[in-house]
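**Q** Sharing coords_15.csv, CSV, C-alpha atoms:
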```csv
chain,number,residue,atom,x,y,z
A,2,MET,CA,-4.7,-38.8,19.1
A,3,LEU,CA,-2.0,-39.6,21.6
A,4,ALA,CA,0.7,-39.5,19.0
A,5,SER,CA,-0.4,-36.2,17.5
A,6,GLY,CA,-0.9,-34.7,21.0
A,7,ALA,CA,2.6,-35.7,22.0
A,8,ALA,CA,4.0,-34.3,18.8
A,9,SER,CA,2.2,-31.1,19.3
A,10,ALA,CA,3.2,-30.8,22.9
A,11,LEU,CA,6.8,-31.6,22.0
A,12,CYS,CA,6.8,-28.7,19.4
A,13,TYR,CA,5.6,-26.2,22.0
A,14,VAL,CA,8.0,-27.5,24.7
A,15,VAL,CA,11.0,-27.2,22.4
A,16,LEU,CA,9.9,-23.7,21.2
A,17,PHE,CA,9.7,-22.3,24.7
A,18,ALA,CA,12.5,-24.3,26.4
A,19,TYR,CA,14.9,-22.8,23.8
A,20,GLU,CA,13.0,-19.5,23.5
A,21,LYS,CA,16.1,-17.3,23.5
A,22,GLU,CA,18.0,-19.4,21.0
A,23,VAL,CA,15.0,-19.7,18.7
A,24,MET,CA,14.3,-16.0,18.7
A,25,ALA,CA,17.9,-15.2,18.0
A,26,THR,CA,18.1,-17.6,15.1
A,27,PHE,CA,14.6,-17.1,13.6
A,28,THR,CA,15.0,-13.3,13.3
A,29,ARG,CA,18.2,-13.5,11.3
A,30,THR,CA,17.9,-12.0,7.8
A,31,ASP,CA,20.8,-13.7,6.1
A,32,GLY,CA,20.9,-16.9,4.0
A,33,TRP,CA,18.0,-19.3,4.5
A,34,TYR,CA,17.2,-18.1,8.0
A,35,PRO,CA,14.0,-16.3,6.9
A,36,ALA,CA,12.5,-19.6,5.8
A,37,LEU,CA,12.7,-20.9,9.4
A,38,PRO,CA,9.5,-19.2,10.7
A,39,VAL,CA,7.6,-20.4,7.7
A,40,ALA,CA,8.8,-24.0,8.0
A,41,THR,CA,8.1,-24.0,11.7
A,42,ALA,CA,4.5,-22.8,11.1
A,43,PHE,CA,4.0,-25.8,8.7
A,44,VAL,CA,5.4,-28.3,11.2
A,45,PHE,CA,3.1,-26.9,14.0
A,46,SER,CA,0.1,-26.9,11.7
A,47,PHE,CA,0.5,-30.6,10.8
A,48,ALA,CA,1.1,-31.7,14.4
A,49,HIS,CA,-1.3,-29.5,16.2
A,50,GLY,CA,-3.8,-29.5,13.4
A,51,ALA,CA,-4.1,-33.3,13.6
A,52,PHE,CA,-4.3,-33.2,17.4
A,53,THR,CA,-7.1,-30.6,17.4
A,54,SER,CA,-9.0,-32.6,14.8
A,55,TYR,CA,-9.0,-35.7,17.0
A,56,PHE,CA,-9.7,-33.7,20.0
A,57,TRP,CA,-13.2,-32.6,18.8
A,58,GLU,CA,-13.9,-36.1,17.5
A,59,VAL,CA,-13.1,-37.7,20.8
A,60,ILE,CA,-15.3,-35.1,22.6
A,61,GLY,CA,-18.1,-36.1,20.3
A,62,VAL,CA,-18.4,-32.9,18.1
A,63,GLN,CA,-18.6,-34.3,14.6
A,64,ALA,CA,-19.5,-33.0,11.2
A,65,ARG,CA,-22.8,-33.9,9.4
A,66,PRO,CA,-22.9,-34.7,5.7
A,67,ALA,CA,-22.2,-31.6,3.6
A,68,ARG,CA,-24.7,-29.7,1.5
A,69,THR,CA,-23.4,-27.1,-0.9
A,70,GLU,CA,-26.1,-26.9,-3.6
A,71,LEU,CA,-27.9,-23.7,-4.5
A,72,GLU,CA,-31.4,-23.5,-5.9
A,73,GLU,CA,-31.6,-21.9,-9.3
B,26,VAL,CA,15.2,-5.2,14.6
B,27,THR,CA,16.4,-4.7,18.1
B,28,PRO,CA,15.8,-7.3,20.9
B,29,GLU,CA,13.4,-4.8,22.5
B,30,ALA,CA,11.0,-5.3,19.6
B,31,PHE,CA,10.2,-8.7,21.0
B,32,ILE,CA,8.3,-8.6,24.3
B,33,THR,CA,8.8,-10.8,27.3
B,34,LEU,CA,5.8,-13.1,27.6
B,35,GLU,CA,3.7,-12.7,30.7
B,36,PRO,CA,1.0,-15.1,31.8
B,37,HIS,CA,-1.8,-12.6,31.0
B,38,SER,CA,-0.4,-12.0,27.5
B,39,VAL,CA,-0.3,-15.8,26.8
B,40,ALA,CA,-3.9,-16.1,28.0
B,41,PHE,CA,-4.9,-13.2,25.8
B,42,LEU,CA,-3.3,-14.8,22.7
B,43,LEU,CA,-4.8,-18.2,23.4
B,44,ILE,CA,-8.3,-17.0,24.0
B,45,VAL,CA,-8.4,-14.5,21.1
B,46,GLY,CA,-6.7,-17.1,18.9
B,47,PHE,CA,-9.4,-19.6,19.7
B,48,ILE,CA,-12.3,-17.2,19.0
B,49,GLY,CA,-10.7,-15.8,15.9
B,50,GLY,CA,-10.1,-19.4,14.6
B,51,LEU,CA,-13.7,-20.3,15.3
B,52,VAL,CA,-15.0,-17.3,13.3
B,53,SER,CA,-12.6,-17.8,10.4
B,54,GLY,CA,-13.4,-21.6,10.3
B,55,PHE,CA,-17.0,-20.6,9.8
B,56,ILE,CA,-16.9,-17.5,7.6
B,57,GLY,CA,-13.4,-17.8,6.0
B,58,SER,CA,-11.7,-14.9,7.8
B,59,GLY,CA,-11.7,-12.9,11.0
B,60,GLY,CA,-9.6,-12.4,14.1
B,61,ALA,CA,-6.9,-10.2,12.6
B,62,PHE,CA,-8.7,-7.0,13.4
B,63,VAL,CA,-8.6,-7.9,17.1
B,64,LEU,CA,-5.3,-9.8,17.2
B,65,THR,CA,-3.1,-7.1,15.6
B,66,PRO,CA,-4.3,-4.2,17.8
B,67,GLY,CA,-4.4,-6.6,20.8
B,68,MET,CA,-0.8,-7.6,20.4
B,69,MET,CA,0.1,-3.9,20.0
B,70,SER,CA,-1.6,-3.1,23.3
B,71,LEU,CA,0.7,-5.8,24.9
B,72,GLY,CA,3.7,-3.7,23.7
B,73,VAL,CA,4.4,-5.5,20.4
B,74,PRO,CA,5.5,-3.0,17.7
B,75,GLY,CA,2.9,-2.7,14.9
B,76,VAL,CA,5.0,-4.2,12.2
B,77,VAL,CA,5.9,-7.3,14.4
B,78,ALA,CA,2.2,-7.7,15.3
B,79,VAL,CA,1.2,-7.7,11.6
B,80,ALA,CA,4.0,-10.1,10.7
B,81,SER,CA,3.3,-12.5,13.6
B,82,ASN,CA,-0.5,-12.4,12.8
B,83,LEU,CA,0.3,-13.4,9.2
B,84,CYS,CA,2.6,-16.2,10.4
B,85,HIS,CA,-0.4,-17.8,12.3
B,86,LYS,CA,-2.9,-17.0,9.5
B,87,PHE,CA,-1.5,-19.2,6.8
B,88,PRO,CA,-1.1,-22.5,8.8
B,89,LYS,CA,-4.6,-21.8,10.3
B,90,ALA,CA,-6.0,-21.3,6.8
B,91,LEU,CA,-4.3,-24.5,5.7
B,92,VAL,CA,-5.8,-26.6,8.4
B,93,GLY,CA,-9.2,-25.0,7.8
B,94,ALA,CA,-9.1,-25.4,4.1
B,95,TYR,CA,-8.0,-29.1,4.5
B,96,LYS,CA,-10.9,-29.8,6.9
B,97,ARG,CA,-13.5,-28.0,4.8
B,98,ASN,CA,-12.2,-29.7,1.6
B,99,LYS,CA,-13.0,-33.0,3.3
B,100,TYR,CA,-16.6,-31.8,3.5
B,101,GLY,CA,-16.6,-31.0,-0.2
B,102,GLN,CA,-16.9,-27.2,0.3
B,103,VAL,CA,-13.6,-25.9,-1.1
B,104,ASP,CA,-13.3,-24.9,-4.8
B,105,ILE,CA,-9.5,-25.1,-5.0
B,106,LYS,CA,-9.4,-23.9,-8.6
B,107,LEU,CA,-11.5,-20.8,-7.8
B,108,GLY,CA,-9.3,-20.2,-4.7
B,109,LEU,CA,-6.1,-20.3,-6.7
B,110,TRP,CA,-7.4,-18.1,-9.6
B,111,MET,CA,-8.4,-15.5,-7.0
B,112,ALA,CA,-5.2,-15.9,-5.0
B,113,ALA,CA,-3.1,-15.1,-8.1
B,114,THR,CA,-4.5,-11.6,-8.4
B,115,ALA,CA,-5.0,-11.2,-4.6
B,116,SER,CA,-1.2,-11.3,-4.2
B,117,LEU,CA,-0.9,-8.4,-6.8
B,118,GLY,CA,-3.7,-6.5,-4.9
B,119,MET,CA,-1.8,-7.0,-1.6
B,120,TRP,CA,1.4,-5.7,-3.2
B,121,TRP,CA,-0.4,-2.7,-4.7
B,122,GLY,CA,-2.3,-1.9,-1.5
B,123,ALA,CA,1.0,-2.0,0.5
B,124,GLY,CA,2.4,0.6,-1.9
B,125,ILE,CA,-0.6,2.9,-1.4
B,126,GLN,CA,-0.2,2.5,2.4
B,127,GLN,CA,3.5,3.5,2.1
B,128,ASP,CA,2.7,6.6,0.0
B,129,ILE,CA,0.0,7.7,2.4
B,130,ARG,CA,2.2,7.3,5.4
B,131,ALA,CA,5.1,9.2,3.7
B,132,ARG,CA,2.7,12.0,2.8
B,133,TYR,CA,0.4,12.3,5.7
B,134,GLY,CA,2.1,10.4,8.5
B,135,GLU,CA,0.8,7.8,10.9
B,136,ALA,CA,-2.5,9.6,11.6
B,137,GLY,CA,-3.2,10.0,7.9
B,138,SER,CA,-2.5,6.3,7.3
B,139,ASN,CA,-4.8,5.4,10.3
B,140,LEU,CA,-7.5,7.6,8.9
B,141,TYR,CA,-7.3,6.0,5.5
B,142,VAL,CA,-7.5,2.5,6.9
B,143,SER,CA,-10.4,3.4,9.2
B,144,LEU,CA,-12.3,5.1,6.3
B,145,ALA,CA,-11.8,1.9,4.2
B,146,PHE,CA,-13.1,-0.2,7.1
B,147,VAL,CA,-16.2,2.0,7.6
B,148,LEU,CA,-17.1,2.4,3.9
B,149,VAL,CA,-16.5,-1.2,2.7
B,150,LEU,CA,-18.0,-2.9,5.8
B,151,THR,CA,-21.0,-0.7,6.1
B,152,ILE,CA,-22.0,-1.1,2.4
B,153,VAL,CA,-21.2,-4.8,2.0
B,154,GLY,CA,-22.4,-5.7,5.6
B,155,TYR,CA,-25.7,-4.0,4.9
B,156,PHE,CA,-26.3,-6.0,1.7
B,157,VAL,CA,-25.3,-9.3,3.3
B,158,LEU,CA,-27.5,-8.6,6.3
B,159,ARG,CA,-30.5,-7.7,4.1
B,160,ASP,CA,-30.0,-11.0,2.2
B,161,ALA,CA,-29.8,-13.0,5.4
B,162,VAL,CA,-32.9,-11.4,6.8
B,163,ARG,CA,-34.8,-12.1,3.5
B,164,ILE,CA,-33.8,-15.8,3.5
B,165,TYR,CA,-34.8,-16.1,7.2
B,166,ARG,CA,-38.2,-14.4,6.7
B,167,SER,CA,-39.1,-16.3,3.6
B,168,GLY,CA,-37.8,-19.6,4.9
B,169,ALA,CA,-36.4,-20.4,1.4
B,170,SER,CA,-33.0,-21.7,0.7
B,171,GLU,CA,-30.2,-19.6,-0.7
B,172,GLN,CA,-30.6,-18.6,-4.3
B,173,THR,CA,-28.2,-17.4,-7.0
B,174,SER,CA,-28.3,-13.5,-7.0
B,175,ARG,CA,-29.6,-11.6,-10.1
B,176,LEU,CA,-26.1,-10.1,-10.5
B,177,ALA,CA,-24.5,-13.5,-10.4
B,178,ARG,CA,-27.0,-14.9,-13.0
B,179,TRP,CA,-26.0,-12.0,-15.3
B,180,VAL,CA,-22.3,-12.6,-14.7
B,181,GLN,CA,-22.8,-16.3,-15.6
B,182,SER,CA,-24.6,-15.3,-18.8
B,183,VAL,CA,-21.8,-13.2,-20.1
B,184,GLU,CA,-19.8,-15.3,-22.6
B,185,ILE,CA,-16.3,-14.0,-23.3
B,186,PRO,CA,-14.7,-16.6,-25.6
B,187,GLY,CA,-11.4,-18.0,-24.3
B,188,THR,CA,-11.9,-16.8,-20.8
B,189,MET,CA,-14.7,-19.0,-19.6
B,190,VAL,CA,-13.9,-21.4,-16.7
B,191,HIS,CA,-16.1,-23.9,-15.0
B,192,PHE,CA,-15.7,-24.1,-11.2
B,193,ARG,CA,-17.1,-27.5,-10.3
B,194,VAL,CA,-17.5,-27.2,-6.6
B,195,ALA,CA,-18.8,-23.7,-6.7
B,196,ASN,CA,-21.1,-24.9,-9.5
B,197,THR,CA,-20.6,-21.9,-11.6
B,198,ARG,CA,-19.2,-21.1,-15.1
B,199,VAL,CA,-17.9,-17.6,-15.4
B,200,SER,CA,-15.4,-15.5,-17.3
B,201,VAL,CA,-12.1,-15.2,-15.4
B,202,LEU,CA,-12.3,-11.5,-16.3
B,203,PHE,CA,-14.7,-11.3,-13.4
B,204,VAL,CA,-12.7,-13.6,-11.1
B,205,LEU,CA,-9.4,-11.8,-11.4
B,206,PRO,CA,-10.5,-8.3,-10.4
B,207,LEU,CA,-12.4,-9.8,-7.5
B,208,GLY,CA,-9.2,-11.5,-6.3
B,209,PHE,CA,-7.3,-8.2,-6.8
B,210,LEU,CA,-9.8,-6.3,-4.6
B,211,THR,CA,-9.6,-9.1,-2.0
B,212,GLY,CA,-5.8,-8.6,-1.8
B,213,LEU,CA,-6.1,-4.9,-1.8
B,214,LEU,CA,-8.5,-5.0,1.1
B,215,ALA,CA,-6.4,-7.5,3.0
B,216,SER,CA,-3.4,-5.2,2.8
B,217,THR,CA,-5.5,-2.3,3.9
B,218,ILE,CA,-7.7,-3.7,6.8
B,219,ALA,CA,-6.1,-7.2,7.2
B,220,VAL,CA,-9.3,-9.0,6.4
B,221,GLY,CA,-9.7,-9.5,2.6
B,222,GLY,CA,-12.5,-12.0,3.1
B,223,PHE,CA,-14.9,-9.2,3.8
B,224,ILE,CA,-14.8,-8.5,0.0
B,225,GLY,CA,-13.7,-12.0,-1.2
B,226,VAL,CA,-16.6,-14.0,0.4
B,227,PRO,CA,-19.5,-11.7,-0.5
B,228,GLY,CA,-17.9,-11.3,-4.0
B,229,MET,CA,-17.8,-15.0,-4.6
B,230,ILE,CA,-21.4,-15.3,-3.4
B,231,TYR,CA,-23.1,-12.3,-5.1
B,232,LEU,CA,-20.9,-11.8,-8.2
B,233,LEU,CA,-19.8,-15.3,-9.1
B,234,GLY,CA,-22.8,-17.2,-7.8
B,235,ALA,CA,-21.0,-19.5,-5.4
B,236,PRO,CA,-23.0,-21.0,-2.4
B,237,SER,CA,-22.0,-19.3,0.8
B,238,LEU,CA,-20.6,-22.6,2.2
B,239,VAL,CA,-18.3,-22.8,-0.8
B,240,ALA,CA,-17.3,-19.1,-0.8
B,241,SER,CA,-16.4,-19.0,2.9
B,242,ALA,CA,-14.4,-22.3,2.6
B,243,THR,CA,-12.6,-21.2,-0.6
B,244,GLU,CA,-11.6,-17.9,1.1
B,245,LEU,CA,-9.3,-20.1,3.3
B,246,VAL,CA,-7.3,-21.1,0.2
B,247,ILE,CA,-6.8,-17.4,-0.7
B,248,ALA,CA,-5.9,-16.6,3.0
B,249,PHE,CA,-3.3,-19.4,2.9
B,250,VAL,CA,-1.6,-18.1,-0.2
B,251,MET,CA,-1.7,-14.4,0.9
B,252,GLY,CA,-0.6,-15.3,4.5
B,253,LEU,CA,2.3,-17.4,3.2
B,254,GLY,CA,3.6,-14.7,0.8
B,255,GLY,CA,3.2,-12.0,3.5
B,256,THR,CA,5.0,-14.1,6.1
B,257,PHE,CA,8.0,-14.6,3.8
B,258,LYS,CA,8.1,-10.9,3.1
B,259,PHE,CA,8.2,-10.0,6.8
B,260,ALA,CA,10.5,-12.9,7.7
B,261,LEU,CA,13.1,-11.4,5.2
B,262,GLY,CA,13.2,-8.4,7.5
B,263,GLY,CA,13.5,-10.7,10.6
B,264,LEU,CA,10.1,-9.3,11.9
B,265,VAL,CA,8.2,-12.5,12.8
B,266,ASP,CA,7.9,-13.3,16.5
B,267,ILE,CA,7.4,-17.0,16.2
B,268,ARG,CA,6.4,-17.4,19.8
B,269,LEU,CA,3.4,-15.0,19.4
B,270,ALA,CA,2.4,-16.7,16.1
B,271,MET,CA,2.5,-20.2,17.5
B,272,LEU,CA,0.7,-19.2,20.7
B,273,ILE,CA,-2.1,-17.8,18.6
B,274,LEU,CA,-2.1,-20.9,16.5
B,275,LEU,CA,-2.4,-23.1,19.6
B,276,GLY,CA,-5.8,-21.7,20.3
B,277,SER,CA,-6.9,-20.9,16.8
B,278,LEU,CA,-6.5,-24.5,15.5
B,279,PHE,CA,-9.0,-25.7,18.1
B,280,GLY,CA,-11.3,-22.8,17.0
B,281,ILE,CA,-11.0,-23.4,13.2
B,282,GLN,CA,-11.7,-27.1,13.6
B,283,LEU,CA,-14.9,-26.3,15.5
B,284,GLY,CA,-15.9,-23.5,13.1
B,285,ALA,CA,-15.4,-25.8,10.2
B,286,ILE,CA,-17.5,-28.6,11.8
B,287,GLY,CA,-20.1,-25.9,12.6
B,288,THR,CA,-20.7,-25.2,8.9
B,289,THR,CA,-22.0,-28.7,8.4
B,290,PHE,CA,-24.5,-28.3,11.3
B,291,VAL,CA,-26.2,-25.0,10.6
B,292,LYS,CA,-28.3,-23.6,7.8
B,293,PRO,CA,-26.0,-22.0,5.2
B,294,PHE,CA,-27.6,-18.5,5.6
B,295,MET,CA,-26.1,-18.5,9.1
B,296,ILE,CA,-22.7,-17.8,7.4
B,297,LYS,CA,-24.3,-14.5,6.1
B,298,VAL,CA,-25.7,-13.7,9.5
B,299,VAL,CA,-22.4,-14.1,11.2
B,300,MET,CA,-20.5,-12.2,8.5
B,301,ALA,CA,-22.9,-9.3,8.5
B,302,THR,CA,-22.9,-9.0,12.3
B,303,VAL,CA,-19.1,-9.0,12.5
B,304,MET,CA,-18.8,-6.5,9.6
B,305,LEU,CA,-21.3,-4.0,10.9
B,306,ILE,CA,-20.0,-4.0,14.5
B,307,VAL,CA,-16.4,-3.6,13.3
B,308,ALA,CA,-17.6,-0.7,11.1
B,309,VAL,CA,-19.0,1.0,14.2
B,310,SER,CA,-15.7,0.4,16.0
B,311,ARG,CA,-13.7,2.1,13.2
B,312,ALA,CA,-16.2,4.9,12.8
B,313,LEU,CA,-15.7,5.8,16.5
B,314,VAL,CA,-12.0,6.5,16.0
B,315,LEU,CA,-12.4,8.7,12.9
B,316,PRO,CA,-12.6,11.9,14.9
B,317,VAL,CA,-9.4,10.9,16.8
B,318,TYR,CA,-7.4,10.7,13.6
B,319,LEU,CA,-9.0,13.9,12.2
B,320,THR,CA,-7.9,15.7,15.4
B,321,GLN,CA,-4.3,14.3,15.0
B,322,LEU,CA,-4.3,15.7,11.5
B,323,GLY,CA,-5.4,19.1,12.7
B,324,LEU,CA,-8.8,18.8,11.0
B,325,ALA,CA,-10.9,18.6,14.2
B,326,ALA,CA,-10.4,19.5,17.8
B,327,LEU,CA,-11.2,16.8,20.4
B,328,ASP,CA,-10.4,16.8,24.1
B,329,PRO,CA,-7.5,14.3,24.8
B,330,THR,CA,-9.6,12.5,27.5
B,331,LEU,CA,-12.4,12.1,25.0
B,332,MET,CA,-9.9,10.8,22.4
B,333,LYS,CA,-8.7,8.1,24.8
B,334,MET,CA,-12.2,7.1,25.6
B,335,LEU,CA,-13.1,6.8,22.0
B,336,GLU,CA,-10.1,4.6,21.3
B,337,ARG,CA,-10.9,2.3,24.2
B,338,THR,CA,-14.6,2.1,23.2
B,339,SER,CA,-13.5,1.3,19.6
B,340,PHE,CA,-11.3,-1.6,20.8
B,341,ALA,CA,-14.2,-2.9,23.0
B,342,PHE,CA,-16.4,-2.9,19.9
B,343,MET,CA,-13.8,-4.9,18.0
B,344,VAL,CA,-13.7,-7.5,20.7
B,345,LEU,CA,-17.6,-7.4,20.8
B,346,ALA,CA,-17.7,-8.1,17.0
B,347,LEU,CA,-15.6,-11.2,17.4
B,348,ALA,CA,-17.4,-12.4,20.5
B,349,ALA,CA,-20.8,-11.8,18.9
B,350,GLY,CA,-19.7,-13.9,15.9
B,351,ALA,CA,-18.6,-16.7,18.1
B,352,VAL,CA,-21.7,-16.6,20.2
B,353,ILE,CA,-24.0,-16.8,17.1
B,354,ILE,CA,-21.9,-19.8,15.7
B,355,VAL,CA,-22.0,-21.8,19.0
B,356,GLY,CA,-25.6,-20.9,19.6
B,357,ALA,CA,-26.6,-22.0,16.1
B,358,MET,CA,-24.6,-25.3,16.5
B,359,LEU,CA,-26.2,-26.0,19.9
B,360,ARG,CA,-29.7,-25.4,18.5
B,361,SER,CA,-29.1,-27.5,15.5
B,362,TYR,CA,-27.6,-30.3,17.7
B,363,ARG,CA,-30.7,-30.3,19.9
B,364,HIS,CA,-33.1,-30.5,16.9
B,365,ALA,CA,-31.2,-33.5,15.5
```
Show how you would write the structure in this file as structure tokens.

**A**
Amino acid sequence: MLASGAASALCYVVLFAYEKEVMATFTRTDGWYPALPVATAFVFSFAHGAFTSYFWEVIGVQARPARTELEE
Amino acid sequence: VTPEAFITLEPHSVAFLLIVGFIGGLVSGFIGSGGAFVLTPGMMSLGVPGVVAVASNLCHKFPKALVGAYKRNKYGQVDIKLGLWMAATASLGMWWGAGIQQDIRARYGEAGSNLYVSLAFVLVLTIVGYFVLRDAVRIYRSGASEQTSRLARWVQSVEIPGTMVHFRVANTRVSVLFVLPLGFLTGLLASTIAVGGFIGVPGMIYLLGAPSLVASATELVIAFVMGLGGTFKFALGGLVDIRLAMLILLGSLFGIQLGAIGTTFVKPFMIKVVMATVMLIVAVSRALVLPVYLTQLGLAALDPTLMKMLERTSFAFMVLALAAGAVIIVGAMLRSYRHA
């Protein structure tokens, strides 16, 4: 949890500390620049996704065994 | 895009994005979609141009759907094969829907386009929402479990050689000739009202015979594919505001985890209750602004003060739709938790 929390926090700190530079680079339409927002979204989803998953687990909100059957 | 297209972030805008992101994530973790109908107009009211709002919403949608699909797949609820079959034609539907939108805007202007989108909202959500609600009420009253609909039983009985596919998790064997048009309609609706799941999820349940838990989870796979493609398209034009997208994602990943966990707590028909509630309130919201667009097109005559009031009330109903969905989900989770 701590590692993913730190990774997630780092992502957000970097994004907003370099806000101007990031916006200038990420909105370029030449070369591979349009891939940057997509790649960033993936990185954030892994880091922050892992953190939020642990978060609810630590708080004690956990899933019950799944049931997906339908009656005929 | 000029630098003015990207707003300066104020504390209240950040708080708005985090809170709506969380609630939208909670609802989509539970029913497979939701949030966009509040987030996009919400960002526009913060001063974000429409096209940047749409692009930034899409850029938070696909990572959110990815996390949600991963989580619900762990619970055995995602039919990846069904999701990918549907996503294949959903992308075509999105592309075709965007073309229709462009034609309408070119011919009838912004008000014509708004009228078309709102009419689509009202028609689709009222009809589908009514059927989903009726089914949910029937299950609640009878106390029975979910059953395969008569329509789905017929679809499953249609044997078209060479097109039959068995979807293991959804526990249904149907011809892809039913799956592909459903995917197409999901994409078409997504490009029109931003929430394809309002056709996709009921379609998988009532047409293909998938359980509602599997349908709502599988919708996340379709949302991921459509969101990813859409983000690329807008990023090519430099229109994604990554700050807005990641701020929404910050709240929405907390929400989607909770919504996904929630599906394992509550009775499956609660998915239908939440979906019908959200759909019907959103339909009312869009119906309220129809006279405004008719006036802008010169087909009706409304007082400007009344028009402003209708627009505000309409947005309030959108927020109410999302909030009502979230309250039902959390309420159902708490009840189920206490009974355990």

**Q** What gap, in Å, lies between atom CA of B:Gly67 and atom CA of B:Ser81?

**A**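 Calculated distance between atom CA of B:Gly67 and atom CA of B:Ser81 is 12.1 Å.
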
**Q** Go through chain A residue by residue and, counting only C-alpha atoms, keep those with an atom at most 9 Å from chain B; for each kept residue give the shortest atom pair and its distance in Å to one decimal, ordered by chain and increasing number, as a Markdown table.

**A**
```
| residue | atom | partner | partner_atom | distance |
| --- | --- | --- | --- | --- |
| A:Tyr13 | CA | B:Met271 | CA | 8.1 |
| A:Leu16 | CA | B:Arg268 | CA | 7.3 |
| A:Phe17 | CA | B:Arg268 | CA | 7.7 |
| A:Glu20 | CA | B:Arg268 | CA | 7.9 |
| A:Val23 | CA | B:Ile267 | CA | 8.4 |
| A:Met24 | CA | B:Asp266 | CA | 7.3 |
| A:Ala25 | CA | B:Pro28 | CA | 8.7 |
| A:Phe27 | CA | B:Gly263 | CA | 7.2 |
| A:Thr28 | CA | B:Gly263 | CA | 4.0 |
| A:Arg29 | CA | B:Gly263 | CA | 5.5 |
| A:Thr30 | CA | B:Gly263 | CA | 5.4 |
| A:Asp31 | CA | B:Leu261 | CA | 8.1 |
| A:Tyr34 | CA | B:Leu261 | CA | 8.3 |
| A:Pro35 | CA | B:Ala260 | CA | 4.9 |
| A:Ala36 | CA | B:Phe257 | CA | 7.0 |
| A:Leu37 | CA | B:Ala260 | CA | 8.5 |
| A:Pro38 | CA | B:Ile267 | CA | 6.3 |
| A:Val39 | CA | B:Thr256 | CA | 7.0 |
| A:Thr41 | CA | B:Ile267 | CA | 8.4 |
| A:Ala42 | CA | B:Pro88 | CA | 6.1 |
| A:Phe43 | CA | B:Pro88 | CA | 6.1 |
| A:Phe45 | CA | B:Met271 | CA | 7.6 |
| A:Ser46 | CA | B:Pro88 | CA | 5.4 |
| A:Phe47 | CA | B:Val92 | CA | 7.8 |
| A:His49 | CA | B:Leu278 | CA | 7.2 |
| A:Gly50 | CA | B:Leu278 | CA | 6.1 |
| A:Ala51 | CA | B:Val92 | CA | 8.6 |
| A:Phe52 | CA | B:Phe279 | CA | 8.9 |
| A:Thr53 | CA | B:Phe279 | CA | 5.3 |
| A:Ser54 | CA | B:Gln282 | CA | 6.2 |
| A:Phe56 | CA | B:Phe279 | CA | 8.3 |
| A:Trp57 | CA | B:Leu283 | CA | 7.3 |
| A:Val62 | CA | B:Ile286 | CA | 7.7 |
| A:Gln63 | CA | B:Ile286 | CA | 6.4 |
| A:Ala64 | CA | B:Ile286 | CA | 4.9 |
| A:Arg65 | CA | B:Thr289 | CA | 5.4 |
| A:Pro66 | CA | B:Thr289 | CA | 6.6 |
| A:Ala67 | CA | B:Tyr100 | CA | 5.6 |
| A:Arg68 | CA | B:Thr289 | CA | 7.5 |
| A:Thr69 | CA | B:Leu238 | CA | 6.1 |
| A:Glu70 | CA | B:Pro236 | CA | 6.8 |
| A:Leu71 | CA | B:Gln172 | CA | 5.8 |
| A:Glu72 | CA | B:Gln172 | CA | 5.2 |
| A:Glu73 | CA | B:Gln172 | CA | 6.1 |
```

**Q** With C-alpha atoms retained, could you export that selection as a short mmCIF file (atom, residue, chain, number, x, y, z; two decimals), in the frame of the given file?

**A**
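After the write, result_6.cif holds the following:
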```
data_model
loop_
_atom_site.label_atom_id
_atom_site.label_comp_id
_atom_site.auth_asym_id
_atom_site.auth_seq_id
_atom_site.Cartn_x
_atom_site.Cartn_y
_atom_site.Cartn_z
CA TYR A 13 5.60 -26.20 22.00
CA LEU A 16 9.90 -23.70 21.20
CA PHE A 17 9.70 -22.30 24.70
CA GLU A 20 13.00 -19.50 23.50
CA VAL A 23 15.00 -19.70 18.70
CA MET A 24 14.30 -16.00 18.70
CA ALA A 25 17.90 -15.20 18.00
CA PHE A 27 14.60 -17.10 13.60
CA THR A 28 15.00 -13.30 13.30
CA ARG A 29 18.20 -13.50 11.30
CA THR A 30 17.90 -12.00 7.80
CA ASP A 31 20.80 -13.70 6.10
CA TYR A 34 17.20 -18.10 8.00
CA PRO A 35 14.00 -16.30 6.90
CA ALA A 36 12.50 -19.60 5.80
CA LEU A 37 12.70 -20.90 9.40
CA PRO A 38 9.50 -19.20 10.70
CA VAL A 39 7.60 -20.40 7.70
CA THR A 41 8.10 -24.00 11.70
CA ALA A 42 4.50 -22.80 11.10
CA PHE A 43 4.00 -25.80 8.70
CA PHE A 45 3.10 -26.90 14.00
CA SER A 46 0.10 -26.90 11.70
CA PHE A 47 0.50 -30.60 10.80
CA HIS A 49 -1.30 -29.50 16.20
CA GLY A 50 -3.80 -29.50 13.40
CA ALA A 51 -4.10 -33.30 13.60
CA PHE A 52 -4.30 -33.20 17.40
CA THR A 53 -7.10 -30.60 17.40
CA SER A 54 -9.00 -32.60 14.80
CA PHE A 56 -9.70 -33.70 20.00
CA TRP A 57 -13.20 -32.60 18.80
CA VAL A 62 -18.40 -32.90 18.10
CA GLN A 63 -18.60 -34.30 14.60
CA ALA A 64 -19.50 -33.00 11.20
CA ARG A 65 -22.80 -33.90 9.40
CA PRO A 66 -22.90 -34.70 5.70
CA ALA A 67 -22.20 -31.60 3.60
CA ARG A 68 -24.70 -29.70 1.50
CA THR A 69 -23.40 -27.10 -0.90
CA GLU A 70 -26.10 -26.90 -3.60
CA LEU A 71 -27.90 -23.70 -4.50
CA GLU A 72 -31.40 -23.50 -5.90
CA GLU A 73 -31.60 -21.90 -9.30
#
```

**Q** Grab the atom CA of B:Ile32 to atom CA of B:Ser70 distance for me, in Å with one decimal place.

**A**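 Atom CA of B:Ser70 lies 11.4 Å from atom CA of B:Ile32.
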